Amino acid sequence: ARWGKFCPWEYETRGWIYLDRGDAAKAIADFDRTLKAQPWSSWALLGRSQAYYELDRLDEAKQDVSKFLAQAPQHFRASEARSLLELLK
């Protein structure tokens, strides 16, 4: 019961599912839960940046994708993140 009902990576996974289903607001809530417990989670940062983008919250999307690239420049989805960052300029 250290993490409560779910552990952080379960929220992270569910956030990606919500994002895939088009529910960016719920995705952000789950990515927020993950990042509260694990602020180093680059995967949650990337997901939240995409969710912010879908909700036209562009400043927040840019902040998260920039942080993602700083934390994980060699991540297998870094090129996707760089493309998103270019859209946000």
# chains A, B, ... in the order shown; residues from 1 in each chain; ligands from 1
call {"tool": "closest_atom_pairs", "arguments": {"of": "stretch 7-41 of chain A", "to": "stretch 68-79 of chain A", "cutoff": "12 Å", "atoms": "only C-alpha atoms", "output": "Markdown table"}}
result
| residue | atom | partner | partner_atom | distance |
| --- | --- | --- | --- | --- |
| A:Leu35 | CA | A:Phe68 | CA | 12.0 |
| A:Pro39 | CA | A:Gln71 | CA | 10.7 |
| A:Trp40 | CA | A:Gln71 | CA | 7.7 |
| A:Ser41 | CA | A:Phe68 | CA | 8.5 |
call {"tool": "residues_around", "arguments": {"residues": "A:Gly15", "least_positions_apart": "2", "cutoff": "8 Å", "atoms": "only C-alpha atoms", "output": "PyMOL selection string"}}
result
chain A and resi 11-13+17-19+26-31+47
call {"tool": "write_last_selection", "arguments": {"atoms": "all heavy atoms", "output": "compact mmCIF listing (two decimals), in the first residue's frame"}}
result
# COMPACT_ATOMS: atom_id res chain seq x y z
N TYR A 11 -0.42 4.35 -13.33
CA TYR A 11 -1.02 5.62 -13.76
C TYR A 11 -0.43 6.05 -15.10
O TYR A 11 -1.15 6.54 -15.98
CB TYR A 11 -0.79 6.72 -12.73
CG TYR A 11 -1.69 6.63 -11.52
CD1 TYR A 11 -1.18 6.41 -10.26
CD2 TYR A 11 -3.07 6.77 -11.65
CE1 TYR A 11 -2.00 6.34 -9.14
CE2 TYR A 11 -3.91 6.70 -10.56
CZ TYR A 11 -3.37 6.49 -9.30
OH TYR A 11 -4.20 6.41 -8.22
N GLU A 12 0.86 5.91 -15.25
CA GLU A 12 1.53 6.28 -16.49
C GLU A 12 0.95 5.49 -17.66
O GLU A 12 0.61 6.06 -18.70
CB GLU A 12 3.03 6.02 -16.34
CG GLU A 12 3.86 6.42 -17.52
CD GLU A 12 5.32 6.11 -17.24
OE1 GLU A 12 5.70 4.93 -17.35
OE2 GLU A 12 6.04 7.05 -16.89
N THR A 13 0.83 4.20 -17.49
CA THR A 13 0.28 3.34 -18.55
C THR A 13 -1.16 3.74 -18.87
O THR A 13 -1.54 3.87 -20.04
CB THR A 13 0.34 1.86 -18.13
OG1 THR A 13 1.71 1.51 -17.91
CG2 THR A 13 -0.26 0.96 -19.18
N ILE A 17 -3.12 5.16 -22.31
CA ILE A 17 -4.37 4.59 -22.83
C ILE A 17 -5.40 5.69 -23.03
O ILE A 17 -6.05 5.77 -24.08
CB ILE A 17 -4.90 3.47 -21.90
CG1 ILE A 17 -3.95 2.27 -21.95
CG2 ILE A 17 -6.32 3.07 -22.28
CD1 ILE A 17 -4.19 1.23 -20.87
N TYR A 18 -5.54 6.57 -22.02
CA TYR A 18 -6.47 7.69 -22.17
C TYR A 18 -6.08 8.56 -23.37
O TYR A 18 -6.95 8.99 -24.14
CB TYR A 18 -6.50 8.55 -20.91
CG TYR A 18 -7.29 7.99 -19.76
CD1 TYR A 18 -6.81 8.09 -18.46
CD2 TYR A 18 -8.53 7.40 -19.95
CE1 TYR A 18 -7.53 7.60 -17.38
CE2 TYR A 18 -9.26 6.89 -18.88
CZ TYR A 18 -8.74 7.00 -17.60
OH TYR A 18 -9.48 6.52 -16.54
N LEU A 19 -4.81 8.83 -23.52
CA LEU A 19 -4.34 9.66 -24.62
C LEU A 19 -4.69 9.01 -25.96
O LEU A 19 -5.18 9.66 -26.87
CB LEU A 19 -2.83 9.89 -24.50
CG LEU A 19 -2.20 10.92 -25.41
CD1 LEU A 19 -2.83 12.29 -25.21
CD2 LEU A 19 -0.71 10.99 -25.15
N LYS A 26 -8.02 13.34 -18.92
CA LYS A 26 -7.78 12.22 -18.01
C LYS A 26 -6.33 11.76 -18.09
O LYS A 26 -5.75 11.35 -17.09
CB LYS A 26 -8.73 11.06 -18.31
CG LYS A 26 -10.14 11.30 -17.83
CD LYS A 26 -11.01 10.07 -18.05
CE LYS A 26 -12.41 10.29 -17.53
NZ LYS A 26 -13.29 9.12 -17.79
N ALA A 27 -5.77 11.82 -19.29
CA ALA A 27 -4.36 11.45 -19.45
C ALA A 27 -3.47 12.36 -18.61
O ALA A 27 -2.58 11.88 -17.89
CB ALA A 27 -3.96 11.52 -20.92
N ILE A 28 -3.73 13.66 -18.66
CA ILE A 28 -2.93 14.61 -17.87
C ILE A 28 -3.04 14.30 -16.39
O ILE A 28 -2.03 14.31 -15.67
CB ILE A 28 -3.36 16.06 -18.18
CG1 ILE A 28 -2.90 16.45 -19.58
CG2 ILE A 28 -2.79 17.03 -17.14
CD1 ILE A 28 -3.50 17.74 -20.10
N ALA A 29 -4.23 14.00 -15.92
CA ALA A 29 -4.41 13.69 -14.50
C ALA A 29 -3.55 12.49 -14.09
O ALA A 29 -2.91 12.51 -13.04
CB ALA A 29 -5.88 13.43 -14.19
N ASP A 30 -3.52 11.46 -14.93
CA ASP A 30 -2.71 10.28 -14.58
C ASP A 30 -1.22 10.55 -14.73
O ASP A 30 -0.42 10.10 -13.90
CB ASP A 30 -3.13 9.08 -15.44
CG ASP A 30 -4.32 8.34 -14.85
OD1 ASP A 30 -4.76 8.69 -13.73
OD2 ASP A 30 -4.80 7.40 -15.49
N PHE A 31 -0.83 11.31 -15.73
CA PHE A 31 0.60 11.66 -15.85
C PHE A 31 1.03 12.54 -14.67
O PHE A 31 2.14 12.40 -14.17
CB PHE A 31 0.89 12.34 -17.18
CG PHE A 31 0.74 11.44 -18.37
CD1 PHE A 31 0.05 11.87 -19.51
CD2 PHE A 31 1.27 10.16 -18.39
CE1 PHE A 31 -0.08 11.05 -20.62
CE2 PHE A 31 1.14 9.32 -19.50
CZ PHE A 31 0.45 9.77 -20.62
N GLY A 47 4.21 11.93 -22.53
CA GLY A 47 2.76 11.75 -22.65
C GLY A 47 1.99 13.00 -22.28
O GLY A 47 1.06 13.41 -22.98
call {"tool": "atom_distance", "arguments": {"atom1": "atom CA of A:Lys89", "atom2": "atom CA of A:Asp32"}}
result
24.0 Å
call {"tool": "residues_around", "arguments": {"residues": "A:Leu87", "least_positions_apart": "4", "cutoff": "10 Å", "atoms": "only C-alpha atoms", "output": "mmCIF file with C-alpha atoms, in the first residue's frame"}}
result
data_model
loop_
_atom_site.group_PDB
_atom_site.id
_atom_site.type_symbol
_atom_site.label_atom_id
_atom_site.label_comp_id
_atom_site.auth_asym_id
_atom_site.auth_seq_id
_atom_site.Cartn_x
_atom_site.Cartn_y
_atom_site.Cartn_z
ATOM 1 C CA TYR A 53 -0.733 19.822 -27.112
ATOM 2 C CA LEU A 58 0.942 24.957 -25.843
ATOM 3 C CA LYS A 62 6.583 23.057 -24.715
ATOM 4 C CA ALA A 81 9.554 14.906 -29.240
ATOM 5 C CA ARG A 82 11.833 17.136 -31.320
ATOM 6 C CA SER A 83 9.147 17.294 -34.018
#
call {"tool": "select_by_dssp", "arguments": {"residues": "chain A", "states": "alpha helix (DSSP H)", "output": "PyMOL selection string"}}
result
chain A and resi 8-20+24-37+42-54+58-71+78-87
call {"tool": "closest_residue", "arguments": {"among": "A:Ala44, A:Ala37, A:Leu55, A:Leu84", "to": "A:Arg14", "atoms": "only C-alpha atoms"}}
result
A:Ala44
